[in-house]
$ cat run-v5.cif   # mmCIF, C-alpha atoms and all ligand atoms
data_final
loop_
_atom_site.group_PDB
_atom_site.id
_atom_site.type_symbol
_atom_site.label_atom_id
_atom_site.label_comp_id
_atom_site.auth_asym_id
_atom_site.auth_seq_id
_atom_site.Cartn_x
_atom_site.Cartn_y
_atom_site.Cartn_z
ATOM 1 C CA MET A 1074 15.840 -53.509 -6.200
ATOM 2 C CA HIS A 1075 19.188 -53.889 -7.897
ATOM 3 C CA ILE A 1076 20.859 -50.780 -9.325
ATOM 4 C CA ASP A 1077 23.972 -50.966 -11.506
ATOM 5 C CA ILE A 1078 25.784 -47.722 -12.276
ATOM 6 C CA LEU A 1079 28.213 -47.351 -15.197
ATOM 7 C CA THR A 1080 30.764 -44.565 -14.825
ATOM 8 C CA VAL A 1081 34.338 -43.557 -15.616
ATOM 9 C CA LEU A 1082 34.545 -42.064 -12.107
ATOM 10 C CA PRO A 1083 33.433 -44.773 -9.643
ATOM 11 C CA GLU A 1084 35.405 -42.925 -6.935
ATOM 12 C CA LEU A 1085 32.686 -40.263 -6.914
ATOM 13 C CA LEU A 1086 30.128 -42.898 -5.963
ATOM 14 C CA GLN A 1087 32.173 -44.739 -3.373
ATOM 15 C CA SER A 1088 30.285 -43.761 -0.237
ATOM 16 C CA PRO A 1089 26.949 -41.992 -0.841
ATOM 17 C CA PHE A 1090 25.015 -45.224 -0.334
ATOM 18 C CA GLU A 1091 26.908 -46.395 2.766
ATOM 19 C CA HIS A 1092 25.115 -44.121 5.212
ATOM 20 C CA SER A 1093 21.754 -43.420 6.759
ATOM 21 C CA ILE A 1094 18.676 -44.610 4.875
ATOM 22 C CA MET A 1095 20.545 -45.997 1.832
ATOM 23 C CA LYS A 1096 22.726 -48.085 4.161
ATOM 24 C CA ARG A 1097 19.666 -49.343 5.996
ATOM 25 C CA ALA A 1098 17.991 -50.218 2.679
ATOM 26 C CA GLN A 1099 21.045 -52.234 1.640
ATOM 27 C CA ASP A 1100 21.416 -53.870 5.082
ATOM 28 C CA LYS A 1101 17.765 -54.948 4.927
ATOM 29 C CA GLY A 1102 18.404 -56.494 1.511
ATOM 30 C CA LEU A 1103 15.865 -54.196 -0.152
ATOM 31 C CA LEU A 1104 18.426 -52.372 -2.281
ATOM 32 C CA LYS A 1105 21.753 -53.299 -3.805
ATOM 33 C CA VAL A 1106 23.845 -50.677 -5.583
ATOM 34 C CA GLN A 1107 26.807 -51.791 -7.706
ATOM 35 C CA VAL A 1108 29.123 -49.240 -9.296
ATOM 36 C CA HIS A 1109 31.058 -50.383 -12.393
ATOM 37 C CA GLN A 1110 34.119 -48.779 -13.954
ATOM 38 C CA LEU A 1111 33.316 -48.346 -17.642
ATOM 39 C CA ARG A 1112 37.023 -48.686 -18.501
ATOM 40 C CA LYS A 1113 36.665 -52.393 -17.768
ATOM 41 C CA TRP A 1114 35.091 -52.509 -21.259
ATOM 42 C CA ALA A 1115 37.652 -50.129 -22.838
ATOM 43 C CA VAL A 1116 38.526 -50.459 -26.536
ATOM 44 C CA ASN A 1117 42.287 -50.802 -25.927
ATOM 45 C CA GLU A 1118 44.774 -51.609 -23.190
ATOM 46 C CA TYR A 1119 45.117 -47.908 -22.336
ATOM 47 C CA GLY A 1120 41.568 -47.838 -21.023
ATOM 48 C CA MET A 1121 40.195 -45.756 -23.908
ATOM 49 C CA VAL A 1122 36.447 -45.184 -23.708
ATOM 50 C CA ASP A 1123 36.042 -41.805 -25.442
ATOM 51 C CA ASP A 1124 36.973 -40.141 -28.702
ATOM 52 C CA TYR A 1125 36.648 -36.883 -30.659
ATOM 53 C CA GLN A 1126 33.224 -36.072 -32.032
ATOM 54 C CA TYR A 1127 32.389 -36.368 -35.716
ATOM 55 C CA GLY A 1128 31.809 -33.022 -37.341
ATOM 56 C CA GLY A 1129 34.413 -31.365 -35.166
ATOM 57 C CA GLY A 1130 34.082 -29.335 -32.010
ATOM 58 C CA ALA A 1131 35.651 -29.388 -28.578
ATOM 59 C CA GLY A 1132 35.020 -32.163 -26.100
ATOM 60 C CA MET A 1133 35.164 -35.923 -26.111
ATOM 61 C CA VAL A 1134 32.263 -38.348 -26.524
ATOM 62 C CA ILE A 1135 31.958 -41.713 -24.782
ATOM 63 C CA MET A 1136 32.115 -44.390 -27.467
ATOM 64 C CA CYS A 1137 29.458 -46.949 -28.397
ATOM 65 C CA GLU A 1138 31.609 -50.027 -27.967
ATOM 66 C CA PRO A 1139 32.476 -49.898 -24.258
ATOM 67 C CA LEU A 1140 28.926 -48.901 -23.346
ATOM 68 C CA ALA A 1141 27.293 -51.547 -25.529
ATOM 69 C CA LYS A 1142 29.630 -54.254 -24.246
ATOM 70 C CA ALA A 1143 29.042 -53.249 -20.637
ATOM 71 C CA ILE A 1144 25.266 -53.148 -21.075
ATOM 72 C CA GLU A 1145 25.231 -56.534 -22.830
ATOM 73 C CA GLU A 1146 27.464 -58.180 -20.233
ATOM 74 C CA LEU A 1147 25.649 -56.770 -17.214
ATOM 75 C CA GLY A 1148 22.341 -57.598 -18.913
ATOM 76 C CA LYS A 1149 23.237 -61.297 -18.900
ATOM 77 C CA ASP A 1150 22.970 -61.357 -15.092
ATOM 78 C CA ARG A 1151 19.722 -59.438 -14.854
ATOM 79 C CA LYS A 1152 17.005 -58.189 -17.117
ATOM 80 C CA TYR A 1153 16.750 -54.422 -16.750
ATOM 81 C CA ASP A 1154 13.362 -52.800 -16.268
ATOM 82 C CA GLU A 1155 14.925 -49.454 -17.118
ATOM 83 C CA ILE A 1156 18.222 -48.297 -18.584
ATOM 84 C CA ILE A 1157 18.520 -44.686 -17.496
ATOM 85 C CA TYR A 1158 20.884 -42.108 -18.941
ATOM 86 C CA LEU A 1159 21.508 -39.101 -16.674
ATOM 87 C CA THR A 1160 21.622 -36.007 -18.848
ATOM 88 C CA PRO A 1161 20.591 -32.355 -18.604
ATOM 89 C CA ASP A 1162 18.363 -32.813 -21.673
ATOM 90 C CA GLY A 1163 16.385 -35.642 -20.045
ATOM 91 C CA GLU A 1164 12.975 -35.457 -18.369
ATOM 92 C CA ARG A 1165 13.233 -33.368 -15.217
ATOM 93 C CA LEU A 1166 13.156 -35.604 -12.107
ATOM 94 C CA ASN A 1167 10.168 -35.218 -9.810
ATOM 95 C CA GLN A 1168 8.481 -37.211 -7.043
ATOM 96 C CA LYS A 1169 6.049 -38.874 -9.444
ATOM 97 C CA ILE A 1170 8.894 -40.305 -11.549
ATOM 98 C CA ALA A 1171 10.670 -41.379 -8.330
ATOM 99 C CA ASN A 1172 7.529 -43.166 -7.085
ATOM 100 C CA THR A 1173 7.232 -45.076 -10.364
ATOM 101 C CA LEU A 1174 10.914 -46.036 -10.436
ATOM 102 C CA SER A 1175 10.841 -47.186 -6.790
ATOM 103 C CA LEU A 1176 8.627 -50.108 -7.863
ATOM 104 C CA LYS A 1177 11.091 -51.438 -10.463
ATOM 105 C CA GLY A 1178 13.300 -54.486 -9.930
ATOM 106 C CA ASN A 1179 16.502 -53.874 -11.884
ATOM 107 C CA ILE A 1180 17.795 -50.529 -13.067
ATOM 108 C CA LEU A 1181 20.970 -49.638 -14.943
ATOM 109 C CA MET A 1182 22.143 -46.018 -14.756
ATOM 110 C CA ILE A 1183 24.642 -44.589 -17.236
ATOM 111 C CA CYS A 1184 26.678 -41.537 -16.262
ATOM 112 C CA GLY A 1185 27.830 -39.339 -19.118
ATOM 113 C CA HIS A 1186 30.979 -37.267 -19.116
ATOM 114 C CA TYR A 1187 32.658 -34.668 -21.303
ATOM 115 C CA LYS A 1188 30.233 -34.036 -24.216
ATOM 116 C CA GLY A 1189 28.081 -37.029 -23.333
ATOM 117 C CA ILE A 1190 27.647 -40.465 -24.887
ATOM 118 C CA ASP A 1191 27.356 -41.534 -28.536
ATOM 119 C CA ASP A 1192 23.721 -40.952 -29.462
ATOM 120 C CA ARG A 1193 23.297 -44.476 -30.871
ATOM 121 C CA ILE A 1194 23.433 -45.848 -27.318
ATOM 122 C CA ARG A 1195 20.604 -43.519 -26.377
ATOM 123 C CA GLU A 1196 18.643 -44.669 -29.385
ATOM 124 C CA HIS A 1197 19.184 -48.411 -29.021
ATOM 125 C CA TYR A 1198 19.581 -49.140 -25.304
ATOM 126 C CA VAL A 1199 18.429 -46.253 -23.121
ATOM 127 C CA THR A 1200 14.788 -46.481 -22.036
ATOM 128 C CA LYS A 1201 14.615 -43.315 -19.947
ATOM 129 C CA GLU A 1202 16.609 -40.069 -19.811
ATOM 130 C CA ILE A 1203 16.586 -38.086 -16.596
ATOM 131 C CA SER A 1204 17.823 -34.639 -15.643
ATOM 132 C CA ILE A 1205 17.998 -33.592 -12.002
ATOM 133 C CA GLY A 1206 17.570 -29.909 -12.842
ATOM 134 C CA ASP A 1207 18.130 -27.164 -15.365
ATOM 135 C CA TYR A 1208 21.861 -26.774 -14.839
ATOM 136 C CA VAL A 1209 24.870 -28.674 -16.128
ATOM 137 C CA LEU A 1210 27.009 -30.897 -13.908
ATOM 138 C CA SER A 1211 30.481 -32.070 -14.912
ATOM 139 C CA GLY A 1212 29.151 -35.591 -15.221
ATOM 140 C CA GLY A 1213 26.183 -37.796 -14.405
ATOM 141 C CA GLU A 1214 27.605 -39.269 -11.174
ATOM 142 C CA LEU A 1215 26.130 -36.762 -8.721
ATOM 143 C CA ALA A 1216 22.845 -36.948 -10.624
ATOM 144 C CA ALA A 1217 22.902 -40.751 -10.303
ATOM 145 C CA ALA A 1218 23.532 -40.415 -6.556
ATOM 146 C CA VAL A 1219 20.541 -38.068 -6.269
ATOM 147 C CA LEU A 1220 18.370 -40.464 -8.250
ATOM 148 C CA VAL A 1221 19.387 -43.538 -6.220
ATOM 149 C CA ASP A 1222 18.687 -41.705 -2.956
ATOM 150 C CA THR A 1223 15.358 -40.340 -4.167
ATOM 151 C CA ILE A 1224 14.022 -43.703 -5.298
ATOM 152 C CA GLY A 1225 15.821 -45.843 -2.697
ATOM 153 C CA ARG A 1226 13.972 -44.300 0.227
ATOM 154 C CA LEU A 1227 10.642 -44.955 -1.507
ATOM 155 C CA ILE A 1228 11.194 -48.704 -1.893
ATOM 156 C CA PRO A 1229 8.471 -50.340 0.204
ATOM 157 C CA GLY A 1230 9.882 -51.301 3.617
ATOM 158 C CA VAL A 1231 12.911 -48.999 3.528
ATOM 159 C CA LEU A 1232 11.576 -46.243 5.756
ATOM 160 C CA ASN A 1233 10.947 -47.354 9.328
ATOM 161 C CA ASP A 1234 7.680 -45.515 9.612
ATOM 162 C CA GLU A 1235 6.008 -46.384 6.327
ATOM 163 C CA THR A 1236 3.779 -43.362 6.536
ATOM 164 C CA SER A 1237 6.575 -40.836 6.773
ATOM 165 C CA ALA A 1238 7.193 -40.735 3.007
ATOM 166 C CA LEU A 1239 3.514 -39.941 2.617
ATOM 167 C CA PHE A 1240 4.122 -36.593 4.285
ATOM 168 C CA ASP A 1241 7.185 -35.707 2.211
ATOM 169 C CA SER A 1242 7.111 -32.516 0.246
ATOM 170 C CA PHE A 1243 5.734 -33.089 -3.277
ATOM 171 C CA GLN A 1244 4.051 -36.395 -2.388
ATOM 172 C CA ASP A 1245 0.582 -34.918 -3.049
ATOM 173 C CA ASP A 1246 1.816 -31.984 -5.091
ATOM 174 C CA LEU A 1247 2.142 -30.137 -1.798
ATOM 175 C CA LEU A 1248 5.147 -29.025 0.224
ATOM 176 C CA ALA A 1249 5.602 -30.536 3.694
ATOM 177 C CA PRO A 1250 4.207 -28.639 6.719
ATOM 178 C CA PRO A 1251 6.558 -27.130 9.349
ATOM 179 C CA VAL A 1252 7.863 -29.486 12.054
ATOM 180 C CA TYR A 1253 9.016 -28.814 15.622
ATOM 181 C CA THR A 1254 10.724 -30.683 18.448
ATOM 182 C CA ARG A 1255 11.654 -29.941 22.077
ATOM 183 C CA PRO A 1256 11.773 -27.514 23.771
ATOM 184 C CA VAL A 1257 8.297 -26.054 23.451
ATOM 185 C CA ASP A 1258 9.713 -22.573 24.069
ATOM 186 C CA TYR A 1259 13.161 -21.640 22.758
ATOM 187 C CA ASN A 1260 14.173 -18.055 23.529
ATOM 188 C CA GLY A 1261 10.496 -17.101 23.505
ATOM 189 C CA TRP A 1262 9.891 -18.771 20.119
ATOM 190 C CA LYS A 1263 6.916 -21.033 20.745
ATOM 191 C CA VAL A 1264 5.707 -24.209 19.092
ATOM 192 C CA PRO A 1265 2.112 -23.755 17.777
ATOM 193 C CA ASP A 1266 -0.349 -24.743 20.575
ATOM 194 C CA ILE A 1267 -2.371 -27.004 18.292
ATOM 195 C CA LEU A 1268 0.513 -29.495 18.092
ATOM 196 C CA MET A 1269 0.287 -30.047 21.862
ATOM 197 C CA SER A 1270 -3.513 -30.378 21.878
ATOM 198 C CA GLY A 1271 -3.511 -34.173 21.460
ATOM 199 C CA ASP A 1272 -6.389 -33.788 18.982
ATOM 200 C CA HIS A 1273 -5.119 -35.832 16.026
ATOM 201 C CA LYS A 1274 -7.864 -34.798 13.653
ATOM 202 C CA LYS A 1275 -7.263 -31.098 14.331
ATOM 203 C CA ILE A 1276 -3.502 -31.577 14.000
ATOM 204 C CA ALA A 1277 -3.901 -33.360 10.659
ATOM 205 C CA ASP A 1278 -6.182 -30.554 9.411
ATOM 206 C CA TRP A 1279 -3.725 -27.902 10.599
ATOM 207 C CA ARG A 1280 -0.814 -29.639 8.876
ATOM 208 C CA HIS A 1281 -2.762 -29.919 5.650
ATOM 209 C CA GLU A 1282 -3.662 -26.243 5.838
ATOM 210 C CA GLN A 1283 -0.009 -25.328 6.469
ATOM 211 C CA SER A 1284 1.068 -27.452 3.496
ATOM 212 C CA ILE A 1285 -1.371 -25.625 1.235
ATOM 213 C CA GLN A 1286 -0.257 -22.252 2.604
ATOM 214 C CA ARG A 1287 3.440 -23.055 2.083
ATOM 215 C CA THR A 1288 2.823 -24.359 -1.404
ATOM 216 C CA LYS A 1289 0.823 -21.215 -2.322
ATOM 217 C CA GLU A 1290 3.622 -18.994 -1.047
ATOM 218 C CA ARG A 1291 6.651 -20.918 -2.314
ATOM 219 C CA ARG A 1292 5.589 -23.130 -5.216
ATOM 220 C CA PRO A 1293 2.280 -21.938 -6.666
ATOM 221 C CA ASP A 1294 3.331 -23.682 -9.903
ATOM 222 C CA ILE A 1295 2.759 -27.159 -8.393
ATOM 223 C CA LEU A 1296 -0.533 -26.342 -6.649
ATOM 224 C CA LYS A 1297 -3.610 -28.063 -8.090
ATOM 225 C CA ASP A 1298 -7.154 -26.673 -7.858
HETATM 226 N N1 LIG B 1 24.682 -34.559 -16.264
HETATM 227 C C1 LIG B 1 25.110 -33.287 -16.341
HETATM 228 N N2 LIG B 1 24.199 -32.437 -15.872
HETATM 229 C C2 LIG B 1 23.136 -33.182 -15.494
HETATM 230 C C3 LIG B 1 21.866 -32.885 -14.937
HETATM 231 N N3 LIG B 1 21.486 -31.635 -14.680
HETATM 232 N N4 LIG B 1 21.034 -33.902 -14.671
HETATM 233 C C4 LIG B 1 21.392 -35.179 -14.946
HETATM 234 N N5 LIG B 1 22.573 -35.512 -15.475
HETATM 235 C C5 LIG B 1 23.437 -34.536 -15.745
#

$ encode --input "run-v5.cif" --output "structure tokens"
Amino acid sequence: MHIDILTVLPELLQSPFEHSIMKRAQDKGLLKVQVHQLRKWAVNEYGMVDDYQYGGGAGMVIMCEPLAKAIEELGKDRKYDEIIYLTPDGERLNQKIANTLSLKGNILMICGHYKGIDDRIREHYVTKEISIGDYVLSGGELAAAVLVDTIGRLIPGVLNDETSALFDSFQDDLLAPPVYTRPVDYNGWKVPDILMSGDHKKIADWRHEQSIQRTKERRPDILKD
């Protein structure tokens, strides 16, 4: 998967993908993330990419021209399966959307800033609008980082143990069960006996039961019949 990110603040996205699973994904050649400074397509030599909004009101809007030029130029090198605009009024990100996006080849992400981007870009280029939650960030960069991480780890072959993503919270509309590691007794706090039983069927049933229990208690809204 190739992900291009357009932003006026590439500094914010300098290192999130250089560590841990995202690094491994890139080292394995399964993911490539390229961050582009939108000012490269500025409308003048001062690096202008934003302007006042028509109709008045505080806050700047990112202009059509730099975005359109950037999208057209980057689009010459690769055909995008999705052009995603990160915005609080987009569809709220969830595991199902992440699973779908993890199967795409080329994705372009656009980070808004200030009051956002000129709506004509949303109308004519953007194929998907995503919000990472019902709150407003200063810009789309941290949202883009969240989105890259969420889908990057789901790309087939990225996780060492392919099955581990299957037990993630939300994968079956259930939260993940509790996990434990050594020692078996810490200050009198014991690991549930069943996990030491060696009975894989019983352990799987117990984990499933715990997942249901946790979901009932914490997120009854996602629980199916
Ligand atoms: N940009 C600003 N806030 C955002 C949010 N909650 N999700 C995605 N992009 C954003």

$ residues_around --input "run-v5.cif" --residues "region 1221-1228 of chain A" --least-positions-apart "6" --cutoff "7 Å" --atoms "all atoms listed in the file" --output "count of residues only"
7

$ residues_near_ligand --input "run-v5.cif" --ligand "ligand LIG 1 (chain B)" --cutoff "8 Å" --atoms "only C-alpha atoms and all ligand atoms" --output "VMD selection string"
chain A and resid 1158 to 1163 1165 1184 to 1186 1203 to 1217

$ resolve_selection --input "run-v5.cif" --expression "the PyMOL selection byres (((chain A and resi 1156) around 8) and not hetatm)" --output "list in words"
Tyr1153, Asp1154, Glu1155, Ile1157, Tyr1158, Ile1180, Leu1181, Met1182, Ile1183, Tyr1198, Val1199, Thr1200 and Lys1201 of chain A

$ closest_residue --input "run-v5.cif" --among "A:Pro1089, A:Gly1130, A:Pro1083, A:Pro1139" --to "Gln1110 (chain A)" --atoms "all atoms listed in the file"
A:Pro1083

$ closest_residue --input "run-v5.cif" --among "A:Gln1283, A:Asn1233, A:Gln1126, A:Thr1173" --to "Ala1098 (chain A)" --atoms "all atoms listed in the file"
A:Asn1233

$ closest_residue --input "run-v5.cif" --among "A:Lys1188, A:Ser1270, A:Arg1193, A:Lys1289" --to "Gly1132 (chain A)" --atoms "only C-alpha atoms"
A:Lys1188

$ resolve_selection --input "run-v5.cif" --expression "the PyMOL selection byres (((chain A and resi 1140) around 9) and not hetatm)" --output "PyMOL selection string"
chain A and resi 1079+1111+1114-1115+1122+1135-1139+1141-1145+1183+1190+1194

$ resolve_selection --input "run-v5.cif" --expression "the PyMOL selection byres (((chain A and resi 1247) around 7) and not hetatm)" --output "list in words"
Ser1242, Phe1243, Gln1244, Asp1245, Asp1246, Leu1248, Ala1249, Ser1284, Ile1285, Thr1288 and Leu1296 of chain A

$ atom_distance --input "run-v5.cif" --atom1 "CA of His1092 (chain A)" --atom2 "CA of Thr1254 (chain A)"
23.7 Å

$ axis_aligned_box --input "run-v5.cif" --around "region 1113-1123 of chain A" --padding-each-side "8 Å" --output "AutoDock Vina command-line options"
--center_x 40.1 --center_y -47.2 --center_z -22.2 --size_x 26.0 --size_y 26.7 --size_z 24.8

$ atom_distance --input "run-v5.cif" --atom1 "CA of Gln1107 (chain A)" --atom2 "CA of Leu1239 (chain A)"
28.1 Å

$ atom_distance --input "run-v5.cif" --atom1 "CA of Val1106 (chain A)" --atom2 "CA of His1075 (chain A)"
6.1 Å

$ closest_residue --input "run-v5.cif" --among "A:Asp1241, A:Gly1271, A:Arg1292, A:Trp1262" --to "Gln1168 (chain A)" --atoms "all atoms listed in the file"
A:Asp1241

$ closest_residue --input "run-v5.cif" --among "A:Leu1268, A:Leu1104, A:Ala1131, A:Ala1218" --to "Leu1086 (chain A)" --atoms "all atoms listed in the file"
A:Ala1218

$ closest_residue --input "run-v5.cif" --among "A:Asp1266, A:Glu1196, A:Glu1084, A:Asp1100" --to "Trp1279 (chain A)" --atoms "all atoms listed in the file"
A:Asp1266
